Amino acid sequence: MLRILICTDTDLEDLDAAVNAKASIPWIAPKDARPGDQCILSHMGAGITHMGELRSNAVRNDEPPWKGRYTAQLSRIVALEDPVSHEELCEEFPHWKWPTYPRTYTSVDGPLAYRLAQLCGDRTAPGLFDVDEYIAAEGSQHIRRHLVRERNLKIVKEKRRQVVAETGHLRCVVCSFDFFATYGELGRDFCEVHHMLPMALRYEETETRLQDLAVVCSNCHRMLHRKGLLSIEALQRAVRGDS
Ligand SMILES: [Zn+2]
Ligand SMILES: [Zn+2]
């Protein structure tokens with residue numbers, strides 16, 4: 001379960017202070033909140049600015065300013081290097097009505113939660129947030145199935161074999177980088193394989209087809225996932241400089 005916590009201007013200041021102090025702070029949370037729940041913090045104007053993790057159950061808090069509301073300790077707070085704006089969210093999730101203040105929180109699950117975690121995790125400094133760790137904690141069966149399929153080595157190997165047979169190389173379809181040409185033996189048969197359909201958003205089980213996969217280098221692969229999911233064509237335009 002991914003918790004979306006809505007915050008105000010003063011909340012943002014508290015969050016930054018907690019990041020700097022590596023401290024945890026009490027936060028209004030749903031009654032069923034559990035330690036380990038991942039949270040994203042969303043502000044009306046600033047978008048998604050921080051992520052964190054709950055460290056306790058939600059308990060009734062009679063201290064001011066909570067006045068009997070349920071709070072949990074929010075810990076491991078990180079600031080996104082590049083906040084996810086409200087416009088990006090609307091573009092990425094056109095059918096979902098984003099909760100706004102004063103609604104203080106909402107919880108999401110399944111592909112939507114996975115996609116959100118991925119989108120935000122990509123905006124944190126490397127190592128700060130691990131989507132795979134989130135998925136493991138989540139234990140959501142259908143998401144696992146998607147990931148297992150994405151890493152289905154058989155079809156990835158088959159893709160590499162097909163591309164080598166047809167072109168004689170394993171070149172990045174975006175920038176033409178060739179690991180073998182640059183690294184010699186060490187780079188032989190190496191490339192990454194990108195799935196062009198957003199796996200996490202597909203509810204039905206569909207067979208992965210070779211034409212849905214693209215050979216890419218590690219840099220281009222990272223860029224494809226940097227802001228939501230960019231198309232191969234859009235990244236090619238960016239590399240050419242006419243985006
Ligand atoms: Zn490339
Ligand atoms: Zn990919």
# chains A, B, ... in the order shown; residues from 1 in each chain; ligands from 1

call {"tool": "residues_near_ligand", "arguments": {"ligand": "ligand 1", "cutoff": "12 Å", "atoms": "only C-alpha atoms and all ligand atoms", "output": "mmCIF file with C-alpha atoms, in the first residue's frame"}}
result
data_model
loop_
_atom_site.group_PDB
_atom_site.id
_atom_site.type_symbol
_atom_site.label_atom_id
_atom_site.label_comp_id
_atom_site.auth_asym_id
_atom_site.auth_seq_id
_atom_site.Cartn_x
_atom_site.Cartn_y
_atom_site.Cartn_z
ATOM 1 C CA LEU A 170 23.855 -4.956 -30.870
ATOM 2 C CA ARG A 171 23.564 -1.202 -31.294
ATOM 3 C CA CYS A 172 21.448 1.105 -29.172
ATOM 4 C CA VAL A 173 18.429 2.035 -31.305
ATOM 5 C CA VAL A 174 18.563 5.564 -29.905
ATOM 6 C CA CYS A 175 22.244 6.615 -30.037
ATOM 7 C CA SER A 176 23.898 3.664 -31.864
ATOM 8 C CA PHE A 177 26.246 2.952 -28.957
ATOM 9 C CA ASP A 178 27.754 -0.519 -29.353
ATOM 10 C CA PHE A 179 29.245 -2.114 -26.213
ATOM 11 C CA CYS A 191 23.032 -4.502 -24.226
ATOM 12 C CA GLU A 192 19.955 -3.594 -22.258
ATOM 13 C CA VAL A 193 16.510 -4.429 -23.511
ATOM 14 C CA HIS A 194 13.694 -1.971 -23.025
ATOM 15 C CA ALA A 214 14.150 -2.481 -28.122
ATOM 16 C CA VAL A 215 17.922 -2.821 -27.749
ATOM 17 C CA VAL A 216 19.278 0.211 -25.885
ATOM 18 C CA CYS A 217 22.470 1.268 -24.105
ATOM 19 C CA SER A 218 22.418 1.881 -20.352
ATOM 20 C CA ASN A 219 22.420 5.675 -20.662
ATOM 21 C CA CYS A 220 19.527 5.801 -23.099
ATOM 22 C CA HIS A 221 17.616 3.249 -21.028
ATOM 23 C CA ARG A 222 17.935 5.445 -17.960
ATOM 24 C CA MET A 223 16.765 8.493 -19.932
ATOM 25 C CA LEU A 224 13.751 6.585 -21.292
ATOM 26 C CA ILE A 232 12.053 5.766 -28.366
ATOM 27 C CA LEU A 235 14.483 10.241 -27.147
ATOM 28 C CA GLN A 236 15.906 9.964 -30.672
ATOM 29 C CA ALA A 238 16.297 14.680 -28.090
ATOM 30 C CA VAL A 239 19.629 13.082 -29.089
ATOM 31 C CA ARG A 240 19.421 14.724 -32.517
#

call {"tool": "residues_around", "arguments": {"residues": "His43 (chain A)", "least_positions_apart": "5", "cutoff": "8 Å", "atoms": "only C-alpha atoms", "output": "list in words"}}
result
Ile6, Cys7, Thr8, Asp9, Ile48, Thr49 and Thr100 of chain A

call {"tool": "atom_distance", "arguments": {"atom1": "CA of Asp109 (chain A)", "atom2": "CA of Met1 (chain A)"}}
result
5.2 Å

call {"tool": "residues_around", "arguments": {"residues": "Leu112 (chain A)", "least_positions_apart": "3", "cutoff": "10 Å", "atoms": "only C-alpha atoms", "output": "list in words"}}
result
Leu2, Phe93, Trp96, Val108, Asp109, Arg115, Leu116, Ala117, Gln118, Ala200 and Leu201 of chain A

call {"tool": "closest_residue", "arguments": {"among": "A:Arg3, A:Lys22, A:His50, A:His95", "to": "Ala72 (chain A)", "atoms": "only C-alpha atoms"}}
result
A:Arg3

call {"tool": "select_by_dssp", "arguments": {"residues": "region 20-144 of chain A", "states": "helix (DSSP H, G or I)", "output": "PyMOL selection string"}}
result
chain A and resi 20-21+86-92+110-121+131-138+141-144

call {"tool": "write_last_selection", "arguments": {"atoms": "N, CA, C and O atoms", "output": "short mmCIF file (atom, residue, chain, number, x, y, z; two decimals), in the first residue's frame"}}
result
data_model
loop_
_atom_site.label_atom_id
_atom_site.label_comp_id
_atom_site.auth_asym_id
_atom_site.auth_seq_id
_atom_site.Cartn_x
_atom_site.Cartn_y
_atom_site.Cartn_z
N ASN A 20 17.14 17.38 6.63
CA ASN A 20 18.45 17.86 7.06
C ASN A 20 18.89 17.23 8.38
O ASN A 20 20.05 16.90 8.56
N ALA A 21 17.92 17.05 9.29
CA ALA A 21 18.25 16.50 10.61
C ALA A 21 18.22 14.96 10.59
O ALA A 21 18.49 14.33 11.61
N HIS A 86 2.29 18.78 -10.86
CA HIS A 86 0.88 18.42 -11.00
C HIS A 86 0.54 18.14 -12.46
O HIS A 86 -0.19 17.21 -12.78
N GLU A 87 1.11 18.92 -13.38
CA GLU A 87 0.85 18.73 -14.82
C GLU A 87 1.34 17.35 -15.27
O GLU A 87 0.66 16.66 -16.02
N GLU A 88 2.54 16.99 -14.81
CA GLU A 88 3.07 15.68 -15.18
C GLU A 88 2.17 14.56 -14.68
O GLU A 88 1.95 13.57 -15.37
N LEU A 89 1.66 14.73 -13.45
CA LEU A 89 0.79 13.70 -12.88
C LEU A 89 -0.49 13.55 -13.70
O LEU A 89 -0.94 12.45 -13.96
N CYS A 90 -1.06 14.70 -14.11
CA CYS A 90 -2.30 14.65 -14.89
C CYS A 90 -2.04 13.98 -16.24
O CYS A 90 -2.88 13.24 -16.74
N GLU A 91 -0.86 14.23 -16.79
CA GLU A 91 -0.51 13.64 -18.08
C GLU A 91 -0.31 12.13 -17.94
O GLU A 91 -0.76 11.35 -18.76
N GLU A 92 0.39 11.77 -16.87
CA GLU A 92 0.73 10.37 -16.65
C GLU A 92 -0.48 9.53 -16.22
O GLU A 92 -0.61 8.38 -16.59
N GLY A 110 -1.64 -1.55 -6.31
CA GLY A 110 -1.61 -2.11 -7.66
C GLY A 110 -0.76 -1.32 -8.64
O GLY A 110 0.15 -0.61 -8.23
N PRO A 111 -1.07 -1.43 -9.93
CA PRO A 111 -0.24 -0.80 -10.97
C PRO A 111 -0.07 0.71 -10.77
O PRO A 111 1.00 1.25 -11.02
N LEU A 112 -1.11 1.38 -10.30
CA LEU A 112 -1.02 2.83 -10.09
C LEU A 112 0.06 3.13 -9.05
O LEU A 112 0.90 4.02 -9.25
N ALA A 113 0.05 2.38 -7.96
CA ALA A 113 1.04 2.58 -6.90
C ALA A 113 2.44 2.30 -7.43
O ALA A 113 3.39 3.04 -7.16
N TYR A 114 2.56 1.24 -8.21
CA TYR A 114 3.88 0.88 -8.73
C TYR A 114 4.41 1.98 -9.64
O TYR A 114 5.55 2.41 -9.53
N ARG A 115 3.54 2.47 -10.53
CA ARG A 115 3.95 3.50 -11.49
C ARG A 115 4.36 4.78 -10.75
O ARG A 115 5.34 5.43 -11.11
N LEU A 116 3.59 5.13 -9.74
CA LEU A 116 3.89 6.33 -8.95
C LEU A 116 5.23 6.19 -8.24
O LEU A 116 6.05 7.11 -8.25
N ALA A 117 5.44 5.03 -7.62
CA ALA A 117 6.68 4.80 -6.89
C ALA A 117 7.87 4.87 -7.85
O ALA A 117 8.91 5.43 -7.54
N GLN A 118 7.66 4.32 -9.04
CA GLN A 118 8.73 4.31 -10.04
C GLN A 118 9.04 5.74 -10.49
O GLN A 118 10.19 6.17 -10.54
N LEU A 119 7.97 6.49 -10.76
CA LEU A 119 8.11 7.87 -11.23
C LEU A 119 8.87 8.71 -10.20
O LEU A 119 9.79 9.44 -10.53
N CYS A 120 8.49 8.57 -8.92
CA CYS A 120 9.12 9.37 -7.87
C CYS A 120 10.52 8.83 -7.55
O CYS A 120 11.45 9.61 -7.34
N GLY A 121 10.66 7.52 -7.52
CA GLY A 121 11.95 6.92 -7.20
C GLY A 121 13.02 7.33 -8.20
O GLY A 121 14.18 7.54 -7.84
N VAL A 131 12.85 0.99 -6.08
CA VAL A 131 11.51 0.53 -6.48
C VAL A 131 11.36 -0.96 -6.19
O VAL A 131 10.32 -1.41 -5.72
N ASP A 132 12.42 -1.73 -6.43
CA ASP A 132 12.33 -3.17 -6.21
C ASP A 132 12.06 -3.49 -4.75
O ASP A 132 11.33 -4.40 -4.41
N GLU A 133 12.68 -2.69 -3.87
CA GLU A 133 12.47 -2.88 -2.44
C GLU A 133 11.01 -2.59 -2.10
O GLU A 133 10.38 -3.29 -1.32
N TYR A 134 10.49 -1.55 -2.74
CA TYR A 134 9.09 -1.20 -2.52
C TYR A 134 8.18 -2.35 -2.95
O TYR A 134 7.27 -2.74 -2.24
N ILE A 135 8.47 -2.90 -4.13
CA ILE A 135 7.66 -4.00 -4.66
C ILE A 135 7.73 -5.20 -3.73
O ILE A 135 6.73 -5.84 -3.43
N ALA A 136 8.94 -5.49 -3.24
CA ALA A 136 9.12 -6.64 -2.36
C ALA A 136 8.29 -6.45 -1.09
O ALA A 136 7.61 -7.36 -0.63
N ALA A 137 8.32 -5.22 -0.56
CA ALA A 137 7.57 -4.93 0.65
C ALA A 137 6.07 -5.00 0.36
O ALA A 137 5.27 -5.42 1.19
N GLU A 138 5.71 -4.60 -0.82
CA GLU A 138 4.32 -4.55 -1.23
C GLU A 138 3.69 -5.94 -1.28
O GLU A 138 2.56 -6.14 -0.86
N GLN A 141 0.76 -9.52 -5.69
CA GLN A 141 1.00 -10.62 -6.63
C GLN A 141 1.04 -10.20 -8.09
O GLN A 141 1.95 -10.55 -8.82
N HIS A 142 0.05 -9.41 -8.51
CA HIS A 142 0.01 -9.13 -9.94
C HIS A 142 1.16 -8.24 -10.38
O HIS A 142 1.66 -8.36 -11.48
N ILE A 143 1.63 -7.36 -9.48
CA ILE A 143 2.77 -6.52 -9.84
C ILE A 143 4.01 -7.39 -9.98
O ILE A 143 4.78 -7.25 -10.90
N ARG A 144 4.15 -8.34 -9.08
CA ARG A 144 5.30 -9.26 -9.18
C ARG A 144 5.31 -9.97 -10.50
O ARG A 144 6.33 -10.13 -11.12
#

call {"tool": "residues_around", "arguments": {"residues": "Gln162 (chain A)", "least_positions_apart": "5", "cutoff": "9 Å", "atoms": "only C-alpha atoms", "output": "PyMOL selection string"}}
result
chain A and resi 157+167+210

call {"tool": "write_last_selection", "arguments": {"atoms": "N, CA, C and O atoms", "output": "tab-separated table (two decimals), in the first residue's frame"}}
result
chain	number	residue	atom	x	y	z
A	157	LYS	N	16.86	-12.70	-24.35
A	157	LYS	CA	17.92	-13.38	-25.10
A	157	LYS	C	17.52	-13.55	-26.56
A	157	LYS	O	18.32	-13.35	-27.47
A	167	THR	N	21.23	-7.68	-38.01
A	167	THR	CA	22.08	-6.51	-38.27
A	167	THR	C	23.57	-6.79	-38.08
A	167	THR	O	24.40	-5.98	-38.49
A	210	LEU	N	8.41	-9.90	-29.47
A	210	LEU	CA	9.75	-9.38	-29.78
A	210	LEU	C	9.70	-7.94	-30.27
A	210	LEU	O	10.57	-7.14	-29.96

call {"tool": "select_by_dssp", "arguments": {"residues": "region 27-134 of chain A", "states": "strand (DSSP E or B)", "output": "JSON, numbers by chain"}}
result
{"A": [27, 28, 38, 39, 40, 41, 42, 43, 47, 48, 49, 50, 51, 52, 53, 54, 59, 60, 61, 69, 70, 71, 72, 73, 74, 75, 76, 77, 78, 79, 80, 81, 82, 83, 84, 105, 106, 107, 108]}

call {"tool": "atom_distance", "arguments": {"atom1": "CA of Met44 (chain A)", "atom2": "CA of Asp62 (chain A)"}}
result
27.2 Å

call {"tool": "residues_around", "arguments": {"residues": "Pro35 (chain A)", "least_positions_apart": "2", "cutoff": "8 Å", "atoms": "only C-alpha atoms", "output": "JSON, numbers by chain"}}
result
{"A": [33, 37, 53, 54, 55, 56, 57]}

call {"tool": "write_last_selection", "arguments": {"atoms": "all heavy atoms", "output": "JSON list (two decimals), in the first residue's frame"}}
result
[["chain", "number", "residue", "atom", "x", "y", "z"],
["A", 33, "ALA", "N", -2.63, 2.52, 8.84],
["A", 33, "ALA", "CA", -1.21, 2.67, 8.45],
["A", 33, "ALA", "C", -0.35, 1.71, 9.26],
["A", 33, "ALA", "O", -0.62, 1.46, 10.44],
["A", 33, "ALA", "CB", -0.77, 4.11, 8.68],
["A", 37, "ASP", "N", 5.07, 1.20, 5.53],
["A", 37, "ASP", "CA", 4.30, 1.77, 4.41],
["A", 37, "ASP", "C", 5.10, 2.89, 3.75],
["A", 37, "ASP", "O", 5.60, 3.79, 4.42],
["A", 37, "ASP", "CB", 2.98, 2.37, 4.92],
["A", 37, "ASP", "CG", 1.93, 1.31, 5.23],
["A", 37, "ASP", "OD1", 2.20, 0.12, 4.95],
["A", 37, "ASP", "OD2", 0.87, 1.67, 5.75],
["A", 53, "GLU", "N", 8.85, 6.92, 4.66],
["A", 53, "GLU", "CA", 8.36, 5.61, 5.06],
["A", 53, "GLU", "C", 7.81, 5.73, 6.48],
["A", 53, "GLU", "O", 8.41, 6.40, 7.32],
["A", 53, "GLU", "CB", 9.55, 4.64, 5.02],
["A", 53, "GLU", "CG", 9.18, 3.21, 5.30],
["A", 53, "GLU", "CD", 10.42, 2.34, 5.36],
["A", 53, "GLU", "OE1", 11.19, 2.32, 4.37],
["A", 53, "GLU", "OE2", 10.63, 1.71, 6.40],
["A", 54, "LEU", "N", 6.68, 5.08, 6.74],
["A", 54, "LEU", "CA", 6.14, 5.13, 8.10],
["A", 54, "LEU", "C", 6.92, 4.16, 8.98],
["A", 54, "LEU", "O", 7.31, 3.08, 8.55],
["A", 54, "LEU", "CB", 4.65, 4.79, 8.11],
["A", 54, "LEU", "CG", 3.75, 5.77, 7.35],
["A", 54, "LEU", "CD1", 2.29, 5.35, 7.48],
["A", 54, "LEU", "CD2", 3.94, 7.20, 7.86],
["A", 55, "ARG", "N", 7.14, 4.60, 10.22],
["A", 55, "ARG", "CA", 7.95, 3.78, 11.12],
["A", 55, "ARG", "C", 7.11, 3.23, 12.27],
["A", 55, "ARG", "O", 7.61, 2.50, 13.11],
["A", 55, "ARG", "CB", 9.07, 4.67, 11.67],
["A", 55, "ARG", "CG", 10.35, 3.96, 11.98],
["A", 55, "ARG", "CD", 11.33, 4.90, 12.60],
["A", 55, "ARG", "NE", 10.85, 5.44, 13.87],
["A", 55, "ARG", "CZ", 11.50, 6.34, 14.59],
["A", 55, "ARG", "NH1", 12.64, 6.83, 14.15],
["A", 55, "ARG", "NH2", 11.02, 6.77, 15.73],
["A", 56, "SER", "N", 5.84, 3.61, 12.30],
["A", 56, "SER", "CA", 5.01, 3.14, 13.42],
["A", 56, "SER", "C", 3.57, 2.96, 12.93],
["A", 56, "SER", "O", 3.22, 3.38, 11.84],
["A", 56, "SER", "CB", 5.01, 4.18, 14.55],
["A", 56, "SER", "OG", 4.30, 5.34, 14.13],
["A", 57, "ASN", "N", 2.76, 2.32, 13.76],
["A", 57, "ASN", "CA", 1.33, 2.28, 13.49],
["A", 57, "ASN", "C", 0.76, 3.68, 13.70],
["A", 57, "ASN", "O", 1.39, 4.51, 14.35],
["A", 57, "ASN", "CB", 0.63, 1.32, 14.45],
["A", 57, "ASN", "CG", 1.00, -0.13, 14.17],
["A", 57, "ASN", "OD1", 1.08, -0.54, 13.02],
["A", 57, "ASN", "ND2", 1.26, -0.89, 15.23]]

call {"tool": "residues_around", "arguments": {"residues": "Met51 (chain A)", "least_positions_apart": "6", "cutoff": "8 Å", "atoms": "only C-alpha atoms", "output": "PyMOL selection string"}}
result
chain A and resi 38-41+77-80+120

call {"tool": "closest_residue", "arguments": {"among": "A:Gly52, A:His225, A:Asp242, A:Gln211", "to": "ligand 2", "atoms": "only C-alpha atoms and all ligand atoms"}}
result
A:His225

call {"tool": "closest_residue", "arguments": {"among": "A:Arg237, A:Lys97, A:His195, A:Arg188", "to": "ligand 2", "atoms": "only C-alpha atoms and all ligand atoms"}}
result
A:His195
